[in-house]
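A.B. asks: One structure, as structure tokens, below. Some questions next.
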Amino acid sequence: MCGRYTQTASPENLMFRFGLTDQGFTVQPRYNLAPGQDAPTVISEGPRVLRMMHWGLVPSWAKDAFIGNRMINARSETITEKRTFKALLDRKRCLVLADGFYEWQKRERGKLPIRFVLKDRGPFAFAGLWDSWRKPDGSELQSFTIITTGANDLLRPVHERMPVILDRKYEEEWLDLDLTNTARLIPLLKAYPSRDMEAYCVSKMVNSPTNDRPECIQAVDNFSVE
DNA sequence: CCAGACGTTGTT
DNA sequence: GTCTGG
DNA sequence: CCAGACGTTGTT
DNA sequence: GTCTGG
């Protein structure tokens, strides 16, 4: 699954990497991004635009926002069967911008946090779905969920599931609202290849979501990831 | 037809 | 144990 | 995901 | 809103 991640790339870097056309947005580097917080996403409105959205999907029909606590992920295997997600697959797809994510491995001594990144250390996009919910005060809450799949070889010793990182060449297709045959999108939701990823142990400082500092992504000496 | 759910993960 | 908040 | 709270009444 | 269960 995916319950914590990082997005440390600069706005300039993100504009270049994701072909954004909007100017002047601000994105703070995030070393410990947790559910319930606002995070940068990209959607297509013809041109691609950056949108800050709330992590934890609150569907349009929700009576209150609490459901978002339990909707931080969506299983790719059942995404066309589950009411809530199926409805969003047509026109509510987004890229969730990131450059790493954390998983906790259970050891005898407790849980050990591990950061996963691409070997090139560059930004990437999780496959996401989003929706808009009307708050009691009339304003709109835009929120998203991150799609998950079975773990690849690198993840498997740590955790059975992992977030879907879109192959770069499929990002355009994922955002394309003119694409009407959404069945074509399902094959894109695969585990990213292990050979293009790396993992390293980090400090337990990352356990608390209140710690959002560069030290969170520093490698620590520990037993090797196995 | 209406009522009620709508989700994931991990753990038991 | 379970839920909320971050 | 993890951390931290989880409750009422009455009084100050 | 949309689907499932009764």
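In the structure tokens, chains take letters A, B, ... by order of appearance, with residues numbered from 1 within each chain and ligands from 1 in the order shown.
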Counting only C-alpha atoms (C1' of nucleotides), which residues of chain B come no farther than 9 Å from chain A, as a list of chain:residue names?

C.D. replies: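 For chain B, the answer reads B:DC6, B:DG7, B:DT8, B:DT9.
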
A.B. asks: For chain E against chain A, which residues fall within 10 Å using only C-alpha atoms (C1' of nucleotides), given as a PyMOL selection string?

C.D. replies: chain E and resi 1-3

A.B. asks: Can you list every residue in range 13-209 of chain A that DSSP puts in alpha helix (DSSP H), as a list in words?

C.D. replies: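 Across range 13-209 of chain A, those assigned alpha helix (DSSP H) are Asn13, Leu14, Met15, Phe16, Arg17, Phe18, Arg83, Thr84, Phe85, Lys86, Ala87, Leu88, Leu89, Glu171, Glu172, Glu173, Trp174 and Leu175 of chain A.
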
A.B. asks: Keeping only N, CA and C atoms, take the residues you just selected and write them out as an mmCIF file, in the first residue's frame.

C.D. replies:
data_model
loop_
_atom_site.group_PDB
_atom_site.id
_atom_site.type_symbol
_atom_site.label_atom_id
_atom_site.label_comp_id
_atom_site.auth_asym_id
_atom_site.auth_seq_id
_atom_site.Cartn_x
_atom_site.Cartn_y
_atom_site.Cartn_z
ATOM 1 N N ASN A 13 11.428 22.209 -11.651
ATOM 2 C CA ASN A 13 11.674 20.820 -12.035
ATOM 3 C C ASN A 13 10.362 20.126 -12.422
ATOM 4 N N LEU A 14 9.323 20.365 -11.644
ATOM 5 C CA LEU A 14 8.032 19.730 -11.923
ATOM 6 C C LEU A 14 7.423 20.251 -13.224
ATOM 7 N N MET A 15 7.572 21.544 -13.454
ATOM 8 C CA MET A 15 7.042 22.122 -14.700
ATOM 9 C C MET A 15 7.681 21.462 -15.913
ATOM 10 N N PHE A 16 8.998 21.309 -15.825
ATOM 11 C CA PHE A 16 9.738 20.696 -16.927
ATOM 12 C C PHE A 16 9.380 19.226 -17.081
ATOM 13 N N ARG A 17 9.389 18.512 -15.972
ATOM 14 C CA ARG A 17 9.189 17.063 -16.011
ATOM 15 C C ARG A 17 7.781 16.676 -16.461
ATOM 16 N N PHE A 18 6.765 17.463 -16.032
ATOM 17 C CA PHE A 18 5.379 17.074 -16.307
ATOM 18 C C PHE A 18 4.688 17.964 -17.347
ATOM 19 N N ARG A 83 -17.889 0.544 -6.791
ATOM 20 C CA ARG A 83 -18.722 1.670 -7.228
ATOM 21 C C ARG A 83 -17.988 3.005 -7.235
ATOM 22 N N THR A 84 -17.387 3.273 -6.091
ATOM 23 C CA THR A 84 -16.799 4.593 -5.893
ATOM 24 C C THR A 84 -15.711 4.902 -6.925
ATOM 25 N N PHE A 85 -14.864 3.917 -7.193
ATOM 26 C CA PHE A 85 -13.728 4.159 -8.079
ATOM 27 C C PHE A 85 -14.094 4.041 -9.546
ATOM 28 N N LYS A 86 -14.959 3.091 -9.826
ATOM 29 C CA LYS A 86 -15.387 2.879 -11.208
ATOM 30 C C LYS A 86 -15.939 4.169 -11.822
ATOM 31 N N ALA A 87 -16.705 4.876 -11.030
ATOM 32 C CA ALA A 87 -17.329 6.110 -11.515
ATOM 33 C C ALA A 87 -16.286 7.178 -11.827
ATOM 34 N N LEU A 88 -15.145 7.111 -11.170
ATOM 35 C CA LEU A 88 -14.121 8.146 -11.332
ATOM 36 C C LEU A 88 -13.159 7.844 -12.472
ATOM 37 N N LEU A 89 -13.140 6.577 -12.888
ATOM 38 C CA LEU A 89 -12.159 6.164 -13.886
ATOM 39 C C LEU A 89 -12.366 6.873 -15.227
ATOM 40 N N GLU A 171 1.844 8.446 -18.967
ATOM 41 C CA GLU A 171 1.237 9.556 -18.218
ATOM 42 C C GLU A 171 0.219 10.319 -19.063
ATOM 43 N N GLU A 172 0.545 10.529 -20.323
ATOM 44 C CA GLU A 172 -0.341 11.280 -21.207
ATOM 45 C C GLU A 172 -1.679 10.555 -21.381
ATOM 46 N N GLU A 173 -1.580 9.254 -21.567
ATOM 47 C CA GLU A 173 -2.789 8.457 -21.750
ATOM 48 C C GLU A 173 -3.656 8.475 -20.492
ATOM 49 N N TRP A 174 -3.019 8.425 -19.342
ATOM 50 C CA TRP A 174 -3.767 8.423 -18.081
ATOM 51 C C TRP A 174 -4.551 9.730 -17.904
ATOM 52 N N LEU A 175 -3.973 10.815 -18.392
ATOM 53 C CA LEU A 175 -4.622 12.120 -18.220
ATOM 54 C C LEU A 175 -5.605 12.454 -19.336
#

A.B. asks: Which residues, written as a list in words, have at least one atom at most 10 Å from DG5 in chain E, with only C-alpha atoms (C1' of nucleotides) counted and residues fewer than 5 positions away on the same chain left out?

C.D. replies: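 Contacts, with the query itself left out: DA3, DG4 and DA5 of chain B.
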